[in-house]
Structure formats: C-alpha cells, structure tokens
>>> print(open('model.pdb').read())   # PDB, C-alpha atoms
ATOM      1  CA  MET A1409     -15.645  14.253  40.458  1.00  0.00           C
ATOM      2  CA  VAL A1410     -18.898  13.836  38.536  1.00  0.00           C
ATOM      3  CA  GLY A1411     -18.431  17.246  36.927  1.00  0.00           C
ATOM      4  CA  LEU A1412     -14.958  16.276  35.760  1.00  0.00           C
ATOM      5  CA  GLU A1413     -16.220  12.995  34.272  1.00  0.00           C
ATOM      6  CA  HIS A1414     -19.035  14.871  32.502  1.00  0.00           C
ATOM      7  CA  ALA A1415     -16.531  17.347  31.057  1.00  0.00           C
ATOM      8  CA  GLU A1416     -14.324  14.487  29.811  1.00  0.00           C
ATOM      9  CA  VAL A1417     -17.325  12.797  28.180  1.00  0.00           C
ATOM     10  CA  GLU A1418     -18.365  16.046  26.481  1.00  0.00           C
ATOM     11  CA  GLU A1419     -14.815  16.612  25.255  1.00  0.00           C
ATOM     12  CA  THR A1420     -14.624  13.069  23.847  1.00  0.00           C
ATOM     13  CA  LEU A1421     -17.998  13.419  22.108  1.00  0.00           C
ATOM     14  CA  LYS A1422     -16.962  16.731  20.545  1.00  0.00           C
ATOM     15  CA  ARG A1423     -13.744  15.140  19.292  1.00  0.00           C
ATOM     16  CA  ILE A1424     -15.694  12.236  17.749  1.00  0.00           C
ATOM     17  CA  GLU A1425     -18.233  14.595  16.168  1.00  0.00           C
ATOM     18  CA  ALA A1426     -15.425  16.645  14.605  1.00  0.00           C
ATOM     19  CA  SER A1427     -13.949  13.559  12.930  1.00  0.00           C
ATOM     20  CA  LYS A1428     -14.136  13.343   9.151  1.00  0.00           C
ATOM     21  CA  GLY A1429     -17.323  11.750   7.843  1.00  0.00           C
ATOM     22  CA  VAL A1430     -19.237  11.622  11.136  1.00  0.00           C
ATOM     23  CA  ALA A1431     -22.905  12.214  10.338  1.00  0.00           C
ATOM     24  CA  GLY A1432     -24.132  12.073  13.922  1.00  0.00           C
ATOM     25  CA  THR A1433     -23.801  10.732  17.440  1.00  0.00           C
ATOM     26  CA  ILE A1434     -26.384   9.499  19.929  1.00  0.00           C
ATOM     27  CA  VAL A1435     -26.027   8.598  23.594  1.00  0.00           C
ATOM     28  CA  VAL A1436     -28.793   6.309  24.868  1.00  0.00           C
ATOM     29  CA  ASN A1437     -29.435   5.554  28.553  1.00  0.00           C
ATOM     30  CA  ALA A1438     -30.360   2.166  30.076  1.00  0.00           C
ATOM     31  CA  GLU A1439     -34.075   2.800  29.468  1.00  0.00           C
ATOM     32  CA  GLY A1440     -33.443   3.320  25.761  1.00  0.00           C
ATOM     33  CA  ILE A1441     -34.004   7.073  25.946  1.00  0.00           C
ATOM     34  CA  PRO A1442     -31.658   9.232  23.874  1.00  0.00           C
ATOM     35  CA  ILE A1443     -30.045  11.713  26.271  1.00  0.00           C
ATOM     36  CA  ARG A1444     -27.723  13.427  23.790  1.00  0.00           C
ATOM     37  CA  THR A1445     -27.828  13.593  20.010  1.00  0.00           C
ATOM     38  CA  THR A1446     -26.663  15.596  17.030  1.00  0.00           C
ATOM     39  CA  LEU A1447     -29.439  14.260  14.792  1.00  0.00           C
ATOM     40  CA  ASP A1448     -33.061  15.299  14.366  1.00  0.00           C
ATOM     41  CA  ASN A1449     -35.644  13.778  16.727  1.00  0.00           C
ATOM     42  CA  SER A1450     -37.247  11.208  14.410  1.00  0.00           C
ATOM     43  CA  THR A1451     -33.886   9.905  13.154  1.00  0.00           C
ATOM     44  CA  THR A1452     -32.577   9.743  16.720  1.00  0.00           C
ATOM     45  CA  VAL A1453     -35.588   7.778  17.986  1.00  0.00           C
ATOM     46  CA  GLN A1454     -35.372   5.347  15.059  1.00  0.00           C
ATOM     47  CA  TYR A1455     -31.639   4.661  15.436  1.00  0.00           C
ATOM     48  CA  ALA A1456     -31.800   4.471  19.245  1.00  0.00           C
ATOM     49  CA  GLY A1457     -34.683   1.997  19.318  1.00  0.00           C
ATOM     50  CA  LEU A1458     -33.429  -0.302  16.586  1.00  0.00           C
ATOM     51  CA  LEU A1459     -29.782  -0.323  17.632  1.00  0.00           C
ATOM     52  CA  ARG A1460     -30.665  -0.923  21.276  1.00  0.00           C
ATOM     53  CA  GLN A1461     -32.561  -4.060  20.213  1.00  0.00           C
ATOM     54  CA  LEU A1462     -29.760  -5.199  17.889  1.00  0.00           C
ATOM     55  CA  THR A1463     -27.099  -4.613  20.546  1.00  0.00           C
ATOM     56  CA  SER A1464     -29.115  -6.599  23.077  1.00  0.00           C
ATOM     57  CA  LEU A1465     -29.457  -9.485  20.614  1.00  0.00           C
ATOM     58  CA  ALA A1466     -25.745  -9.359  19.741  1.00  0.00           C
ATOM     59  CA  ARG A1467     -24.811  -9.356  23.447  1.00  0.00           C
ATOM     60  CA  SER A1468     -27.083 -12.371  24.066  1.00  0.00           C
ATOM     61  CA  THR A1469     -25.528 -14.198  21.108  1.00  0.00           C
ATOM     62  CA  VAL A1470     -21.990 -13.579  22.366  1.00  0.00           C
ATOM     63  CA  ARG A1471     -22.959 -14.823  25.853  1.00  0.00           C
ATOM     64  CA  ASP A1472     -24.751 -17.879  24.412  1.00  0.00           C
ATOM     65  CA  ILE A1473     -21.562 -18.844  22.576  1.00  0.00           C
ATOM     66  CA  ASP A1474     -19.380 -18.225  25.646  1.00  0.00           C
ATOM     67  CA  PRO A1475     -21.016 -17.312  28.984  1.00  0.00           C
ATOM     68  CA  GLN A1476     -17.691 -15.861  30.182  1.00  0.00           C
ATOM     69  CA  ASN A1477     -17.620 -13.378  27.305  1.00  0.00           C
ATOM     70  CA  ASP A1478     -19.407 -10.061  26.658  1.00  0.00           C
ATOM     71  CA  LEU A1479     -20.049  -7.704  23.765  1.00  0.00           C
ATOM     72  CA  THR A1480     -17.624  -4.776  23.722  1.00  0.00           C
ATOM     73  CA  TYR A1481     -18.314  -3.180  20.348  1.00  0.00           C
ATOM     74  CA  LEU A1482     -20.700  -3.547  17.418  1.00  0.00           C
ATOM     75  CA  ARG A1483     -19.897  -2.298  13.923  1.00  0.00           C
ATOM     76  CA  ILE A1484     -22.306  -2.334  10.985  1.00  0.00           C
ATOM     77  CA  ARG A1485     -21.415  -1.238   7.477  1.00  0.00           C
ATOM     78  CA  SER A1486     -23.991  -0.558   4.798  1.00  0.00           C
ATOM     79  CA  LYS A1487     -23.691   1.002   1.353  1.00  0.00           C
ATOM     80  CA  LYS A1488     -24.239   4.496   2.787  1.00  0.00           C
ATOM     81  CA  HIS A1489     -23.085   4.426   6.412  1.00  0.00           C
ATOM     82  CA  GLU A1490     -20.958   2.756   8.984  1.00  0.00           C
ATOM     83  CA  ILE A1491     -22.650   2.515  12.376  1.00  0.00           C
ATOM     84  CA  MET A1492     -20.549   1.912  15.457  1.00  0.00           C
ATOM     85  CA  VAL A1493     -22.144   1.048  18.790  1.00  0.00           C
ATOM     86  CA  GLY A1494     -20.206   1.071  22.019  1.00  0.00           C
ATOM     87  CA  PRO A1495     -22.148  -0.378  24.949  1.00  0.00           C
ATOM     88  CA  GLU A1496     -20.666   0.915  28.202  1.00  0.00           C
ATOM     89  CA  ASN A1497     -22.138   0.500  31.683  1.00  0.00           C
ATOM     90  CA  ASP A1498     -25.744   1.704  31.371  1.00  0.00           C
ATOM     91  CA  TYR A1499     -25.269   3.641  28.128  1.00  0.00           C
ATOM     92  CA  LEU A1500     -24.911   3.082  24.407  1.00  0.00           C
ATOM     93  CA  LEU A1501     -22.770   5.370  22.294  1.00  0.00           C
ATOM     94  CA  ILE A1502     -23.891   5.294  18.664  1.00  0.00           C
ATOM     95  CA  VAL A1503     -21.770   6.924  15.963  1.00  0.00           C
ATOM     96  CA  ILE A1504     -23.026   7.140  12.382  1.00  0.00           C
ATOM     97  CA  GLN A1505     -20.353   7.794   9.805  1.00  0.00           C
ATOM     98  CA  ASN A1506     -20.703   8.403   6.078  1.00  0.00           C
ATOM     99  CA  ILE A1507     -18.815   5.978   3.840  1.00  0.00           C
ATOM    100  CA  CYS A1508     -15.889   7.701   2.150  1.00  0.00           C
ATOM    101  CA  GLU A1509     -15.424   6.683  -1.457  1.00  0.00           C
TER     102      GLU A1509
END
>>> encode(input="model.pdb", output="structure tokens")
Amino acid sequence: MVGLEHAEVEETLKRIEASKGVAGTIVVNAEGIPIRTTLDNSTTVQYAGLLRQLTSLARSTVRDIDPQNDLTYLRIRSKKHEIMVGPENDYLLIVIQNICE
C-alpha cells in the first residue's frame, strides 16, 4: 500500500510541476527538512525555512481566532511569484508559480 501511495504522490507532483508557470515545488517533512525539490539547494533551504515558520504562525493565528478551526491552505502573491503552501499531515507542499502577465 505504501508503494501505491508513493506512486500517487509522485504522479501528482509531476502533474503540478508540468503546469504552466510553475517555477518549482518543495516537499518539507515535519522536521523542516526538504525531502523533495525541483529548485537549487540554497533556494530550497530558504523557502522551506521561511515558509515553515510563516505556515506555523498562520496556523496559530487561525486557531487563536477559532480553536475548532485549522489552516488548510496558505497563498501568498508578490509582484514576481505566487506561493502556495499546503500543510498536510506531517508535510508541507510548497509550489512557487511565476505570475503570468
């Protein structure tokens, strides 16, 4: 069963990475260690560390507002990129997408 789940995850990641404008993807484990990336090492470490902290703060904020609630998705848009973070179980999926003009 684990092999099948891994194959489904890989297939999903490949589909995301093939989407128009996607600059990179990162999967971060519970310890904050990137376990899969399409970016160079320094960029990966920077995004993983900063977005893990931001996601934790956003989750705490959501729970402070309503203790029965939880963060399901975080989306950040800047002038150059859109960054989407999906916290799931013990992992974070980070997708960086270029802004289409």
>>> closest_residue(input="model.pdb", among="A:Thr1463, A:Ile1507, A:Gly1432, A:Glu1425", to="A:Asp1448", atoms="all atoms listed in the file")
A:Gly1432
>>> atom_distance(input="model.pdb", atom1="atom CA of A:Leu1500", atom2="atom CA of A:Arg1460")
7.7 Å
>>> atom_distance(input="model.pdb", atom1="atom CA of A:Asp1474", atom2="atom CA of A:Val1493")
20.6 Å
>>> residues_around(input="model.pdb", residues="A:Gln1505", least_positions_apart="3", cutoff="10 Å", atoms="only C-alpha atoms", output="PyMOL selection string")
chain A and resi 1425+1427-1433+1485+1488-1492+1502+1508
>>> resolve_selection(input="model.pdb", expression="the PyMOL selection byres ((chain A and resi 1435) around 8)", output="PyMOL selection string")
chain A and resi 1433-1434+1436-1437+1442-1445+1499-1502
>>> closest_residue(input="model.pdb", among="A:Thr1420, A:Glu1496, A:Leu1482, A:Ala1415", to="A:Leu1459", atoms="only C-alpha atoms")
A:Leu1482
>>> atom_distance(input="model.pdb", atom1="atom CA of A:Arg1467", atom2="atom CA of A:Arg1423")
27.2 Å
>>> closest_residue(input="model.pdb", among="A:Gln1461, A:Thr1469, A:Thr1452, A:Asn1477", to="A:Ile1504", atoms="all atoms listed in the file")
A:Thr1452
>>> closest_residue(input="model.pdb", among="A:Gln1454, A:Thr1480, A:Thr1446, A:Ser1464", to="A:Gly1494", atoms="only C-alpha atoms")
A:Thr1480
>>> closest_residue(input="model.pdb", among="A:Arg1471, A:Ala1466, A:Leu1421, A:Leu1447", to="A:Pro1495", atoms="all atoms listed in the file")
A:Ala1466
>>> residues_around(input="model.pdb", residues="A:Ile1441", least_positions_apart="6", cutoff="9 Å", atoms="all atoms listed in the file", output="list in words")
Val1435, Val1453, Ala1456 and Gly1457 of chain A
>>> closest_residue(input="model.pdb", among="A:Tyr1455, A:Leu1465, A:Glu1418, A:Gly1440", to="A:Val1503", atoms="all atoms listed in the file")
A:Tyr1455
